[in-house]
>>> print(open('upload-v8.txt').read())   # compact mmCIF, C-alpha atoms
# COMPACT_ATOMS: atom_id res chain seq x y z
CA MET A 2 67.51 116.48 134.64
CA ARG A 3 66.21 116.58 131.07
CA PHE A 4 68.30 117.39 128.01
CA ASP A 5 67.26 118.75 124.65
CA ALA A 6 68.34 117.47 121.24
CA THR A 7 71.53 119.56 121.32
CA GLY A 8 72.70 117.96 124.58
CA LYS A 9 72.00 121.04 126.70
CA VAL A 10 69.95 120.77 129.87
CA SER A 11 66.33 121.77 129.28
CA LEU A 12 65.50 125.02 131.06
CA ASP A 13 62.23 125.68 129.25
CA HIS A 14 60.31 126.03 132.52
CA ILE A 15 62.18 129.20 133.56
CA TYR A 16 61.01 131.22 130.56
CA ASP A 17 57.26 130.92 131.03
CA GLN A 18 56.79 132.03 134.63
CA PRO A 19 54.74 135.07 135.70
CA ASP A 20 57.91 136.90 136.85
CA PRO A 21 61.72 136.49 136.57
CA ARG A 22 62.41 134.93 139.97
CA THR A 23 62.55 131.31 138.78
CA TYR A 24 64.76 132.39 135.88
CA PHE A 25 67.36 134.05 138.10
CA ARG A 26 67.26 131.39 140.83
CA ALA A 27 67.90 128.66 138.24
CA LEU A 28 70.70 130.50 136.43
CA ARG A 29 72.53 131.96 139.43
CA PRO A 30 74.30 128.69 140.41
CA LEU A 31 75.44 128.37 136.79
CA ASP A 32 77.03 131.85 136.79
CA TYR A 33 75.05 132.83 133.70
CA GLY A 34 76.41 136.21 132.68
CA VAL A 35 76.57 136.69 128.93
CA PRO A 36 74.15 139.68 128.93
CA GLN A 37 76.62 141.54 131.15
CA GLN A 38 79.49 140.74 128.79
CA ALA A 39 77.34 141.74 125.81
CA LYS A 40 76.32 145.08 127.33
CA PRO A 41 79.37 147.19 126.31
CA TYR A 42 79.38 145.68 122.82
CA PHE A 43 75.70 146.38 122.30
CA ALA A 44 76.08 149.89 123.74
CA LYS A 45 78.93 150.69 121.34
CA PHE A 46 77.06 149.15 118.40
CA ILE A 47 73.98 151.27 119.16
CA LYS A 48 76.17 154.37 119.49
CA GLU A 49 77.79 153.68 116.12
CA TYR A 50 74.39 153.24 114.50
CA ARG A 51 72.99 156.40 116.10
CA GLU A 52 75.92 158.46 114.85
CA SER A 53 76.28 156.96 111.37
CA ARG A 54 72.56 156.92 110.57
CA ARG A 55 71.72 160.08 112.55
CA VAL A 56 68.88 158.33 114.38
CA ALA A 57 67.98 160.04 117.64
CA VAL A 58 66.03 157.13 119.18
CA PRO A 59 67.15 153.78 117.74
CA LYS A 60 64.61 150.96 117.76
CA VAL A 61 66.27 147.78 119.03
CA LEU A 62 64.67 144.36 118.54
CA ASP A 63 65.83 141.79 121.12
CA ILE A 64 65.14 138.28 119.81
CA GLY A 65 64.56 135.75 122.58
CA CYS A 66 64.32 138.63 125.04
CA SER A 67 62.61 136.64 127.84
CA TYR A 68 62.02 139.06 130.75
CA GLY A 69 63.74 142.03 129.08
CA ILE A 70 67.18 141.46 130.61
CA ASN A 71 69.18 143.14 127.84
CA ALA A 72 66.79 146.09 127.87
CA ALA A 73 67.18 146.53 131.64
CA LEU A 74 70.97 146.48 131.33
CA LEU A 75 71.14 148.89 128.40
CA LYS A 76 68.27 151.30 129.11
CA TYR A 77 68.68 151.56 132.88
CA ASP A 78 72.32 150.60 133.39
CA ALA A 79 71.38 147.63 135.56
CA THR A 80 73.90 144.82 136.07
CA MET A 81 73.42 141.08 136.20
CA ASP A 82 74.63 141.05 139.83
CA GLU A 83 71.97 143.63 140.64
CA LEU A 84 69.26 141.59 138.92
CA TYR A 85 70.37 138.39 140.66
CA ALA A 86 70.02 140.19 143.99
CA ARG A 87 66.73 141.73 142.89
CA TYR A 88 65.05 138.47 141.87
CA GLY A 89 67.19 135.62 143.17
CA ASP A 90 67.42 136.31 146.89
CA GLU A 91 65.32 134.09 149.11
CA GLU A 92 63.78 137.11 150.83
CA ARG A 93 62.05 137.94 147.53
CA ALA A 94 60.49 134.48 147.20
CA SER A 95 57.29 135.45 149.06
CA GLU A 96 56.96 138.91 147.51
CA SER A 97 53.89 139.36 145.34
CA ARG A 98 54.20 139.87 141.60
CA GLU A 99 52.56 143.27 142.01
CA ALA A 100 55.17 144.36 144.57
CA LEU A 101 57.96 143.14 142.33
CA LEU A 102 56.50 145.05 139.40
CA ALA A 103 56.20 148.19 141.49
CA ARG A 104 59.90 148.07 142.35
CA ASP A 105 60.81 147.47 138.72
CA ARG A 106 58.67 150.38 137.53
CA GLU A 107 60.46 152.58 140.04
CA LEU A 108 63.79 151.38 138.64
CA ALA A 109 62.61 152.28 135.13
CA ARG A 110 61.44 155.73 136.27
CA SER A 111 64.59 156.55 138.23
CA ARG A 112 67.22 155.53 135.66
CA ARG A 113 66.41 157.13 132.36
CA PRO A 114 69.31 156.66 129.91
CA PRO A 115 71.18 159.78 128.74
CA ARG A 116 70.25 158.86 125.15
CA ALA A 117 66.84 157.32 124.50
CA ILE A 118 66.49 153.77 123.14
CA ARG A 119 63.25 152.05 122.14
CA PHE A 120 63.31 148.32 122.96
CA VAL A 121 60.99 145.78 121.34
CA GLY A 122 61.06 142.19 122.55
CA LEU A 123 60.38 139.14 120.39
CA ASP A 124 59.76 135.87 122.20
CA THR A 125 57.51 132.81 122.22
CA SER A 126 56.82 133.24 125.96
CA GLY A 127 53.82 135.43 126.55
CA SER A 128 54.36 135.44 130.30
CA ALA A 129 57.93 136.74 130.07
CA LEU A 130 56.93 139.39 127.53
CA SER A 131 54.02 140.56 129.68
CA TYR A 132 56.25 141.00 132.70
CA ALA A 133 58.94 142.91 130.79
CA LEU A 134 56.33 145.20 129.24
CA GLU A 135 54.51 145.86 132.54
CA ALA A 136 57.82 146.52 134.31
CA GLY A 137 58.77 149.14 131.74
CA PHE A 138 61.85 147.31 130.48
CA LEU A 139 60.37 146.80 127.01
CA ASP A 140 58.50 149.46 125.07
CA ALA A 141 56.63 146.96 122.87
CA VAL A 142 56.48 143.19 122.40
CA VAL A 143 55.95 140.70 119.60
CA HIS A 144 54.63 137.38 120.87
CA ALA A 145 55.40 135.10 117.94
CA ASP A 146 57.20 131.96 116.79
CA LEU A 147 58.79 133.10 113.54
CA GLU A 148 60.49 129.75 113.12
CA ARG A 149 57.11 128.21 112.39
CA HIS A 150 54.99 131.08 111.12
CA GLU A 151 55.19 134.21 109.01
CA PRO A 152 54.47 137.34 111.05
CA THR A 153 50.87 138.50 111.02
CA PRO A 154 50.16 141.97 109.60
CA ARG A 155 50.06 143.34 113.14
CA GLN A 156 53.35 141.66 114.07
CA ARG A 157 54.93 142.84 110.83
CA ALA A 158 53.90 146.41 111.64
CA GLU A 159 55.50 146.16 115.09
CA LEU A 160 58.70 144.72 113.62
CA SER A 161 58.97 147.32 110.88
CA GLY A 162 61.29 150.25 111.43
CA THR A 163 63.77 148.19 113.46
CA ASP A 164 67.22 149.79 113.52
CA LEU A 165 69.20 147.09 115.29
CA VAL A 166 68.59 143.39 116.02
CA ILE A 167 70.36 141.76 118.99
CA SER A 168 70.34 138.41 120.76
CA THR A 169 72.25 136.69 123.57
CA GLY A 170 71.96 132.94 123.16
CA CYS A 171 68.83 132.16 121.18
CA VAL A 172 70.51 131.64 117.79
CA GLY A 173 70.85 127.91 117.33
CA TYR A 174 67.28 127.39 118.42
CA VAL A 175 66.28 130.44 116.41
CA THR A 176 67.61 130.05 112.86
CA GLU A 177 67.97 132.03 109.66
CA ARG A 178 64.23 131.50 109.17
CA THR A 179 63.36 133.94 111.96
CA LEU A 180 66.03 136.45 111.03
CA THR A 181 65.00 136.43 107.37
CA ARG A 182 61.39 137.10 108.35
CA VAL A 183 62.45 139.97 110.58
CA VAL A 184 64.48 141.54 107.78
CA ARG A 185 61.72 141.13 105.21
CA ALA A 186 59.31 142.88 107.55
CA GLN A 187 61.47 146.00 107.08
CA GLY A 188 60.86 146.39 103.34
CA VAL A 189 64.00 147.89 101.79
CA HIS A 190 65.43 148.98 105.16
CA ARG A 191 68.22 146.80 106.59
CA PRO A 192 68.81 146.86 110.37
CA TRP A 193 72.23 146.16 111.85
CA MET A 194 72.59 142.91 113.79
CA ALA A 195 74.68 141.67 116.73
CA HIS A 196 74.26 138.07 117.87
CA PHE A 197 76.02 136.21 120.68
CA VAL A 198 75.95 132.58 119.56
CA LEU A 199 77.13 129.50 121.44
CA ARG A 200 80.14 127.93 119.74
CA MET A 201 78.30 124.63 119.55
CA PHE A 202 75.91 126.13 116.98
CA PRO A 203 77.13 126.89 113.44
CA PHE A 204 76.43 130.43 112.25
CA ASP A 205 77.17 129.66 108.58
CA PRO A 206 73.51 129.12 107.55
CA VAL A 207 72.53 132.46 109.11
CA GLU A 208 75.48 134.24 107.52
CA ARG A 209 74.60 132.85 104.08
CA ALA A 210 70.95 133.86 104.44
CA LEU A 211 71.91 137.36 105.54
CA ALA A 212 74.40 137.65 102.67
CA GLY A 213 71.53 136.96 100.30
CA LEU A 214 69.75 139.95 101.84
CA GLY A 215 72.70 142.27 101.34
CA TYR A 216 74.67 141.79 104.57
CA ARG A 217 78.31 141.29 105.36
CA THR A 218 79.08 139.48 108.64
CA VAL A 219 82.23 139.60 110.75
CA ARG A 220 83.04 137.55 113.82
CA VAL A 221 84.68 139.19 116.81
CA ASP A 222 87.85 137.33 117.80
CA GLU A 223 87.06 137.20 121.53
CA VAL A 224 85.04 134.37 123.08
CA PHE A 225 82.56 134.93 125.92
CA ARG A 226 81.61 132.70 128.83
CA GLN A 227 77.88 132.07 128.78
CA ARG A 228 77.43 129.82 131.82
CA ARG A 229 78.80 126.79 133.62
CA PHE A 230 77.59 123.37 132.57
CA ALA A 231 74.69 122.24 134.72
CA SER A 232 76.19 118.76 135.20
CA PRO A 233 78.99 116.49 133.95
CA GLN A 234 76.38 114.76 131.81
CA GLU A 235 75.44 117.99 130.06
CA GLN A 236 79.11 118.75 129.43
CA ALA A 237 79.69 115.27 127.96
CA LEU A 238 76.67 115.55 125.68
CA VAL A 239 77.63 119.02 124.47
CA LEU A 240 81.25 117.98 123.86
CA ASP A 241 79.98 115.04 121.82
CA SER A 242 77.83 117.41 119.75
CA MET A 243 80.75 119.77 119.24
CA SER A 244 83.05 116.95 118.23
CA ALA A 245 80.51 115.73 115.67
CA ALA A 246 80.32 119.28 114.27
CA GLY A 247 84.11 119.58 114.08
CA VAL A 248 84.42 122.25 116.81
CA ASP A 249 87.44 121.93 119.08
CA PRO A 250 86.45 122.42 122.76
CA ARG A 251 89.97 122.23 124.21
CA GLY A 252 90.73 125.05 126.61
CA LEU A 253 87.13 126.27 126.49
CA GLU A 254 84.07 124.01 126.85
CA ALA A 255 86.31 121.16 127.97
CA GLU A 256 87.14 123.26 131.05
CA GLY A 257 83.51 123.41 132.22
CA TRP A 258 81.90 126.46 130.60
CA LEU A 259 79.71 127.09 127.59
CA TYR A 260 81.22 129.78 125.37
CA ALA A 261 79.68 132.15 122.84
CA GLN A 262 81.01 134.15 119.91
CA LEU A 263 79.80 137.52 118.67
CA TYR A 264 78.73 137.99 115.05
CA LEU A 265 78.11 141.47 113.67
CA SER A 266 76.14 141.88 110.46
CA ARG A 267 75.75 145.14 108.56
CA PRO A 268 74.38 145.95 105.11
CA HIS A 269 77.15 146.27 102.53
CA ASN A 270 76.65 150.02 102.26
CA ASP A 271 77.44 150.40 105.99
CA ILE A 272 80.65 148.37 106.20
CA THR A 273 82.96 151.37 105.90
CA GLY A 274 81.88 152.69 109.31
CA PRO A 275 83.44 151.98 112.71
CA ARG A 276 83.96 148.31 113.54
CA THR A 277 82.65 147.21 116.93
CA GLY A 278 84.93 144.62 118.46
CA THR A 279 88.17 145.86 116.91
CA ASP A 280 88.98 147.97 119.97
CA ASP A 281 88.09 148.00 123.66
CA PRO A 282 84.29 148.26 123.88
CA ASN A 283 84.55 149.86 127.28
CA ARG A 284 86.51 152.81 125.91
CA GLU A 285 83.29 154.52 124.87
CA GLN A 286 81.89 154.03 128.36
CA SER A 287 84.63 155.75 130.34
>>> encode(input="upload-v8.txt", output="structure tokens")
Amino acid sequence: MRFDATGKVSLDHIYDQPDPRTYFRALRPLDYGVPQQAKPYFAKFIKEYRESRRVAVPKVLDIGCSYGINAALLKYDATMDELYARYGDEERASESREALLARDRELARSRRPPRAIRFVGLDTSGSALSYALEAGFLDAVVHADLERHEPTPRQRAELSGTDLVISTGCVGYVTERTLTRVVRAQGVHRPWMAHFVLRMFPFDPVERALAGLGYRTVRVDEVFRQRRFASPQEQALVLDSMSAAGVDPRGLEAEGWLYAQLYLSRPHNDITGPRTGTDDPNREQS
């Protein structure tokens, strides 16, 4: 078992496969479920944006989108349990990629959302992006590493016009550098942002960078289980990293789970609107 510089187990191999089966088989034993927990918050955030900005079809940029999981949950009302069964069951191991894609295209055709959403995925994995686009989960993709490079003119054009930016776990590896480049690709327009960030990663540098671009950030009080630790060694390494950063893991990571927090960033001229996270996010879904 290999570990990265943060102390987390390295799962790089699951993001660059031709389809999502390795991803879901690797994460199922770890009870990875933060996209499911994020779903009602993202749905309410998108609804607030649609109503306050009067945008009929919001354009959502999912940073670190991998195989389009957030898009599948939000556009087609899929669940993580459904996707684990869809890709993680042993009976699917011998199924061809083409057959898997055909079933996913049927899912996309049969579950059109009541209100349209356009999803764009940003990731460094071309294989994951290709699958999500072919399956119909994503409407467009940006294959780029904005930590290392400025977007090309073509990438900048695809990023422009973004209404909302979301992520579920990539911030910490993705920094303020990527988010600043995304915002600057918008010109004077400022998209709303919602990021689920592991508690082991400080959000302060991102918050400061966004403040310099005209944003105000709030943190939702609730914490969210991301996944179980892959091993006692991973837990020990992460707890050491958290201790060095001054983050108290008692009652949370010390009990065997990685936890995330939700940060919502809006331009200053939008902060008088509804506040996602201050009430039950499922209320809008009933």
>>> closest_atom_pairs(input="upload-v8.txt", of="range 164-278 of chain A", to="range 116-140 of chain A", cutoff="12 Å", atoms="all atoms listed in the file", output="tab-separated table")
residue	atom	partner	partner_atom	distance
A:Asp164	CA	A:Arg119	CA	9.8
A:Leu165	CA	A:Phe120	CA	9.7
A:Val166	CA	A:Val121	CA	9.6
A:Ile167	CA	A:Gly122	CA	10.0
A:Ser168	CA	A:Leu123	CA	10.0
A:Cys171	CA	A:Asp124	CA	9.9
A:Tyr174	CA	A:Thr125	CA	11.8
A:Val175	CA	A:Asp124	CA	10.3
A:Thr179	CA	A:Leu123	CA	10.3
A:Leu180	CA	A:Leu123	CA	11.3
A:Val183	CA	A:Leu123	CA	10.1
>>> closest_atom_pairs(input="upload-v8.txt", of="range 40-106 of chain A", to="range 192-211 of chain A", cutoff="10 Å", atoms="all atoms listed in the file", output="JSON lines")
{"residue": "A:Tyr42", "atom": "CA", "partner": "A:Ala195", "partner_atom": "CA", "distance": 8.7}
{"residue": "A:Phe43", "atom": "CA", "partner": "A:Ala195", "partner_atom": "CA", "distance": 7.4}
{"residue": "A:Phe46", "atom": "CA", "partner": "A:Ala195", "partner_atom": "CA", "distance": 8.0}
{"residue": "A:Ile47", "atom": "CA", "partner": "A:Trp193", "partner_atom": "CA", "distance": 9.1}
{"residue": "A:Tyr50", "atom": "CA", "partner": "A:Trp193", "partner_atom": "CA", "distance": 7.9}
{"residue": "A:Lys60", "atom": "CA", "partner": "A:Pro192", "partner_atom": "CA", "distance": 9.4}
{"residue": "A:Val61", "atom": "CA", "partner": "A:Pro192", "partner_atom": "CA", "distance": 9.1}
{"residue": "A:Leu62", "atom": "CA", "partner": "A:Met194", "partner_atom": "CA", "distance": 9.3}
{"residue": "A:Asp63", "atom": "CA", "partner": "A:His196", "partner_atom": "CA", "distance": 9.8}
{"residue": "A:Ile64", "atom": "CA", "partner": "A:His196", "partner_atom": "CA", "distance": 9.3}
>>> axis_aligned_box(input="upload-v8.txt", around="range 33-51 of chain A", padding_each_side="5 Å", output="AutoDock Vina command-line options")
--center_x 76.2 --center_y 144.6 --center_z 124.1 --size_x 16.5 --size_y 33.6 --size_z 29.2
>>> residues_around(input="upload-v8.txt", residues="range 82-87 of chain A", least_positions_apart="4", cutoff="9 Å", atoms="only C-alpha atoms", output="JSON, numbers by chain")
{"A": [22, 25, 26, 28, 29, 34, 37, 70, 93, 101]}
>>> closest_residue(input="upload-v8.txt", among="A:Arg229, A:Arg182, A:Ser242, A:Arg267", to="Gly215 in chain A", atoms="all atoms listed in the file")
A:Arg267
>>> closest_residue(input="upload-v8.txt", among="A:Ser67, A:Thr153, A:Ser161, A:Gln227", to="Tyr260 in chain A", atoms="only C-alpha atoms")
A:Gln227
>>> build_atoms(input="upload-v8.txt", residues="range 87-110 of chain A", atoms="N, CA and C atoms", output="short mmCIF file (atom, residue, chain, number, x, y, z; two decimals), in the frame of the given file")
data_model
loop_
_atom_site.label_atom_id
_atom_site.label_comp_id
_atom_site.auth_asym_id
_atom_site.auth_seq_id
_atom_site.Cartn_x
_atom_site.Cartn_y
_atom_site.Cartn_z
N ARG A 87 68.10 141.21 142.96
CA ARG A 87 66.73 141.73 142.89
C ARG A 87 65.71 140.59 142.84
N TYR A 88 66.03 139.54 142.10
CA TYR A 88 65.05 138.47 141.87
C TYR A 88 65.44 137.13 142.49
N GLY A 89 66.73 136.94 142.77
CA GLY A 89 67.19 135.62 143.17
C GLY A 89 67.30 135.40 144.66
N ASP A 90 67.27 136.48 145.45
CA ASP A 90 67.42 136.31 146.89
C ASP A 90 66.18 135.65 147.49
N GLU A 91 66.42 134.83 148.48
CA GLU A 91 65.32 134.09 149.11
C GLU A 91 64.28 135.01 149.72
N GLU A 92 64.71 136.19 150.19
CA GLU A 92 63.78 137.11 150.83
C GLU A 92 62.73 137.62 149.84
N ARG A 93 63.00 137.50 148.55
CA ARG A 93 62.05 137.94 147.53
C ARG A 93 61.07 136.83 147.14
N ALA A 94 61.29 135.62 147.64
CA ALA A 94 60.49 134.48 147.20
C ALA A 94 59.01 134.66 147.53
N SER A 95 58.69 135.30 148.65
CA SER A 95 57.29 135.45 149.06
C SER A 95 56.68 136.77 148.61
N GLU A 96 57.46 137.62 147.96
CA GLU A 96 56.96 138.91 147.51
C GLU A 96 55.95 138.71 146.39
N SER A 97 54.90 139.49 146.39
CA SER A 97 53.89 139.36 145.34
C SER A 97 54.42 139.87 144.01
N ARG A 98 53.82 139.39 142.94
CA ARG A 98 54.20 139.87 141.60
C ARG A 98 53.96 141.37 141.49
N GLU A 99 52.89 141.85 142.07
CA GLU A 99 52.56 143.27 142.01
C GLU A 99 53.63 144.11 142.71
N ALA A 100 54.13 143.62 143.85
CA ALA A 100 55.17 144.36 144.57
C ALA A 100 56.47 144.36 143.78
N LEU A 101 56.76 143.23 143.16
CA LEU A 101 57.96 143.14 142.33
C LEU A 101 57.87 144.10 141.16
N LEU A 102 56.71 144.13 140.52
CA LEU A 102 56.50 145.05 139.40
C LEU A 102 56.64 146.51 139.83
N ALA A 103 56.12 146.82 141.00
CA ALA A 103 56.20 148.19 141.49
C ALA A 103 57.65 148.61 141.66
N ARG A 104 58.49 147.73 142.19
CA ARG A 104 59.90 148.07 142.35
C ARG A 104 60.59 148.21 141.01
N ASP A 105 60.19 147.38 140.03
CA ASP A 105 60.81 147.47 138.72
C ASP A 105 60.38 148.73 137.98
N ARG A 106 59.12 149.12 138.15
CA ARG A 106 58.67 150.38 137.53
C ARG A 106 59.41 151.58 138.12
N GLU A 107 59.70 151.50 139.40
CA GLU A 107 60.46 152.58 140.04
C GLU A 107 61.88 152.62 139.49
N LEU A 108 62.47 151.44 139.26
CA LEU A 108 63.79 151.38 138.64
C LEU A 108 63.75 152.05 137.27
N ALA A 109 62.73 151.71 136.47
CA ALA A 109 62.61 152.28 135.13
C ALA A 109 62.42 153.79 135.18
N ARG A 110 61.68 154.28 136.16
CA ARG A 110 61.44 155.73 136.27
C ARG A 110 62.69 156.48 136.73
#
